[in-house]
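Novice: Input: one structure, supplied below.
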Protein chains: 2
Amino acid sequence: MLYTESLSRLIRLFQKMPGVGQKSAQRMALYVLQIPRPEAEQLAQAIGELKDKTRYCSLCMNITEIDPCPICVNPARDPGTICVVEDPKGLLAIEKTKSYKVHYHVLMGNISPLDNIGPDEIRTKELLARVEQGGINEVIVATSPTIEGETTAMYISKLIKPTWVKVTRIACGLPMGGDLEFADEVTISKALSGRLGI
Amino acid sequence: MLYTESLSRLIRLFQKMPGVGQKSAQRMALYVLQIPRPEAEQLAQAIGELKDKTRYCSLCMNITEIDPCPICVNPARDPGTICVVEDPKGLLAIEKTKSYKVHYHVLMGNISPLDNIGPDEIRTKELLARVEQGGINEVIVATSPTIEGETTAMYISKLIKPTWVKVTRIACGLPMGGDLEFADEVTISKALSGRLGI
């Protein structure tokens, strides 16, 4: 045994985090060892507090301290448009553009048969229920343009179609500032097929 | 405010860790939010426990649960050789080779004038004291071959010289399996000047 038991345990727990490998976990645990005790206590406390205070909004499933969340109860937002995102990071990315004052629906994942995640494992039923309540004009599907995100978008489109509510998908194409030379074929053909009049 | 206060706080604390940027910290905090409560409590507890149980060995400054550490009190190790490393990760890297059963001295950093770290900020005095106590034949300086590590090695060499104890430096050269074509000039000239008879 080269590391102490308490150090190995913390390394193991850090390693479970997404994107954290063995070396990063080791570096992070050694950082915890090295910081003053009050700072380490602050960290431990912040973890507990997050679990105590933050929950998911019962309407849109976004993370919030008050339920329903500030976005859902904001009267300045367009109540007729629901933007569907895969996770709170997606919601944050769209909010950062500050150009779309819409309501959201966080799926908490994408359909991924390889990972045993079907439509029932993500919040598609809750989305349909919201649409069926009426008052919705458009559902914008803003899942990532990955295989899983595209599959989820197709599924949602089929799910919502019978309600006659418009379902749209965010555009795929070249990123702003990107060079045609370095874009992949799929992106370029998406950019071509999605061309708009100017 | 897009994230809740408790979430932002945990993201901020994670971001202080070495090698953790904003996106990683965000991903880690959302992971904490998503795991079951007992697992989050385990993590918070492990942080506290690490601070309670793990300390630095009073002899070699390695991390340990018992002081002096198991390496320092191991009679099967060569008591005449001290291997100087910059941090516990360096010690671990050498222990993994399983070929050198020596004693260690962990400096807890390298000399780095740019970061305001001089010889007195790392454990050089403690090293000199150990050497002056006698019984040491060789000090192997195994700091990394970076500017800071080399500076530290030079300083230690000058520090130990007056005691007439041999000071050696780990070899620099091409990594095993590496290709001459892709090695940088400094490494190649180090490999040439450090050539050995075969």
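To be explicit about the labels: the chains of the structure tokens are called A, B, and onward in the order shown, and within each one the residues are counted from 1, while ligands get numbers from 1 in the order they are shown.
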What lies within 10 Å of stretch 88-99 of chain A using only C-alpha atoms, ignoring chain neighbours under 2 positions off, as number ranges by chain?

Specialist: A: 61-63, 83-86, 101-109, 142-144; B: 2-3, 23, 26-27, 30

Novice: Taking only C-alpha atoms into account, produce a table as CSV in which each residue of chain B with an atom at most 6 Å from an atom of chain A appears once, together with its shortest atom pair and the distance in Å to one decimal, ordered by chain and rising number.

Specialist:
residue,atom,partner,partner_atom,distance
B:Thr4,CA,A:Thr64,CA,5.8
B:Ser6,CA,A:Leu50,CA,5.1
B:Leu7,CA,A:Leu50,CA,6.0
B:Leu10,CA,A:Ala46,CA,5.6
B:Met17,CA,A:Met28,CA,5.9
B:Met28,CA,A:Met17,CA,5.9
B:Ala44,CA,A:Ala44,CA,4.2
B:Ala46,CA,A:Leu10,CA,5.6
B:Leu50,CA,A:Ser6,CA,5.1
B:Thr64,CA,A:Thr4,CA,5.8

Novice: Identify which of the residues A:Pro119, A:Pro38, A:Pro145, A:Gly173 lies closest to A:Leu196, counting only C-alpha atoms when measuring atom-to-atom distances.

Specialist: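 Comparing A:Pro119, A:Pro38, A:Pro145, A:Gly173 against A:Leu196, the winner is A:Gly173.
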
Novice: Rounded to one decimal, what separation in Å do you get between atom CA of B:Glu150 and atom CA of B:Glu138?

Specialist: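 Going from atom CA of B:Glu150 over to atom CA of B:Glu138 covers 18.2 Å.
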
Novice: Please report, as a ChimeraX atom specification, each residue of chain B to which DSSP assigns strand (DSSP E) when run on this structure's backbone.

Specialist: /B:55-56,63-64,78-85,102-106,138-141,166-169

Novice: Fewer than 3 positions away in the same chain doesn't count, so skip those; otherwise give me all residues within 12 Å of B:Ile147, counting only C-alpha atoms, as number ranges by chain.

Specialist: B: 110-114, 143-144, 150-154

Novice: Fewer than 2 positions away in the same chain doesn't count, so skip those; otherwise give me all residues within 12 Å of stretch 182-190 of chain A, counting only C-alpha atoms, as a ChimeraX atom specification.

Specialist: /A:145-146,170-180,192-196

Novice: Give me, as a PyMOL selection string, all polymer residues having an atom no more than 9 Å from B:Ser58, counting only C-alpha atoms and skipping those fewer than 5 positions away in the same chain.

Specialist: chain B and resi 67-69

Novice: Based on the backbone DSSP call, show me all residues of stretch 66-98 of chain B assigned helix (DSSP H, G or I), as a ChimeraX atom specification.

Specialist: /B:88-96

Novice: Report, in Å with one decimal, the straight-line distance from atom CA of B:Leu159 to atom CA of B:Leu128.

Specialist: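 Separation between atom CA of B:Leu159 and atom CA of B:Leu128: 7.2 Å.
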
Novice: For B:Glu132, please output as a short mmCIF file (atom, residue, chain, number, x, y, z; two decimals) with N, CA and C atoms, in the first residue's frame all residues within 12 Å (counting only C-alpha atoms; exclusion window: fewer than 2 positions along the same chain).

Specialist:
data_model
loop_
_atom_site.label_atom_id
_atom_site.label_comp_id
_atom_site.auth_asym_id
_atom_site.auth_seq_id
_atom_site.Cartn_x
_atom_site.Cartn_y
_atom_site.Cartn_z
N LYS B 125 16.22 22.38 4.14
CA LYS B 125 16.92 22.41 5.42
C LYS B 125 16.81 21.06 6.12
N GLU B 126 15.62 20.48 6.07
CA GLU B 126 15.38 19.20 6.69
C GLU B 126 16.24 18.12 6.03
N LEU B 127 16.44 18.25 4.71
CA LEU B 127 17.28 17.28 3.99
C LEU B 127 18.72 17.38 4.48
N LEU B 128 19.22 18.61 4.56
CA LEU B 128 20.60 18.82 5.01
C LEU B 128 20.78 18.26 6.42
N ALA B 129 19.81 18.49 7.29
CA ALA B 129 19.88 17.98 8.66
C ALA B 129 19.98 16.46 8.68
N ARG B 130 19.20 15.79 7.81
CA ARG B 130 19.24 14.33 7.76
C ARG B 130 20.62 13.85 7.28
N GLY B 134 24.60 11.87 9.53
CA GLY B 134 25.52 10.79 9.20
C GLY B 134 24.83 9.52 8.74
N GLY B 135 25.65 8.59 8.24
CA GLY B 135 25.11 7.31 7.79
C GLY B 135 24.60 7.31 6.37
N ILE B 136 24.68 8.46 5.70
CA ILE B 136 24.18 8.56 4.32
C ILE B 136 25.36 8.50 3.35
N ASN B 137 25.24 7.61 2.31
CA ASN B 137 26.29 7.51 1.32
C ASN B 137 25.97 8.27 0.04
N VAL B 139 22.86 10.77 -2.10
CA VAL B 139 21.59 11.47 -2.23
C VAL B 139 21.25 11.48 -3.72
N LEU B 159 24.18 22.37 -1.82
CA LEU B 159 23.89 22.32 -0.39
C LEU B 159 24.57 21.12 0.27
N ILE B 160 24.57 19.99 -0.46
CA ILE B 160 25.08 18.74 0.13
C ILE B 160 26.60 18.60 -0.04
N LYS B 161 27.16 19.17 -1.11
CA LYS B 161 28.58 19.04 -1.43
C LYS B 161 29.50 19.18 -0.21
N PRO B 162 29.36 20.23 0.63
CA PRO B 162 30.27 20.40 1.77
C PRO B 162 30.31 19.22 2.73
N THR B 163 29.29 18.37 2.70
CA THR B 163 29.27 17.22 3.63
C THR B 163 30.03 16.03 3.04
N TRP B 164 30.52 16.14 1.81
CA TRP B 164 31.27 15.07 1.12
C TRP B 164 30.41 13.84 0.80
N VAL B 165 29.08 13.98 0.95
CA VAL B 165 28.20 12.87 0.57
C VAL B 165 27.96 12.96 -0.94
#

Novice: Looking at only C-alpha atoms, which of A:Ala191, A:Val73, A:Glu181, A:Asp115 is the one that sits closest to A:Cys57?

Specialist: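 Answer, going by the shortest atom-to-atom distance: A:Val73.
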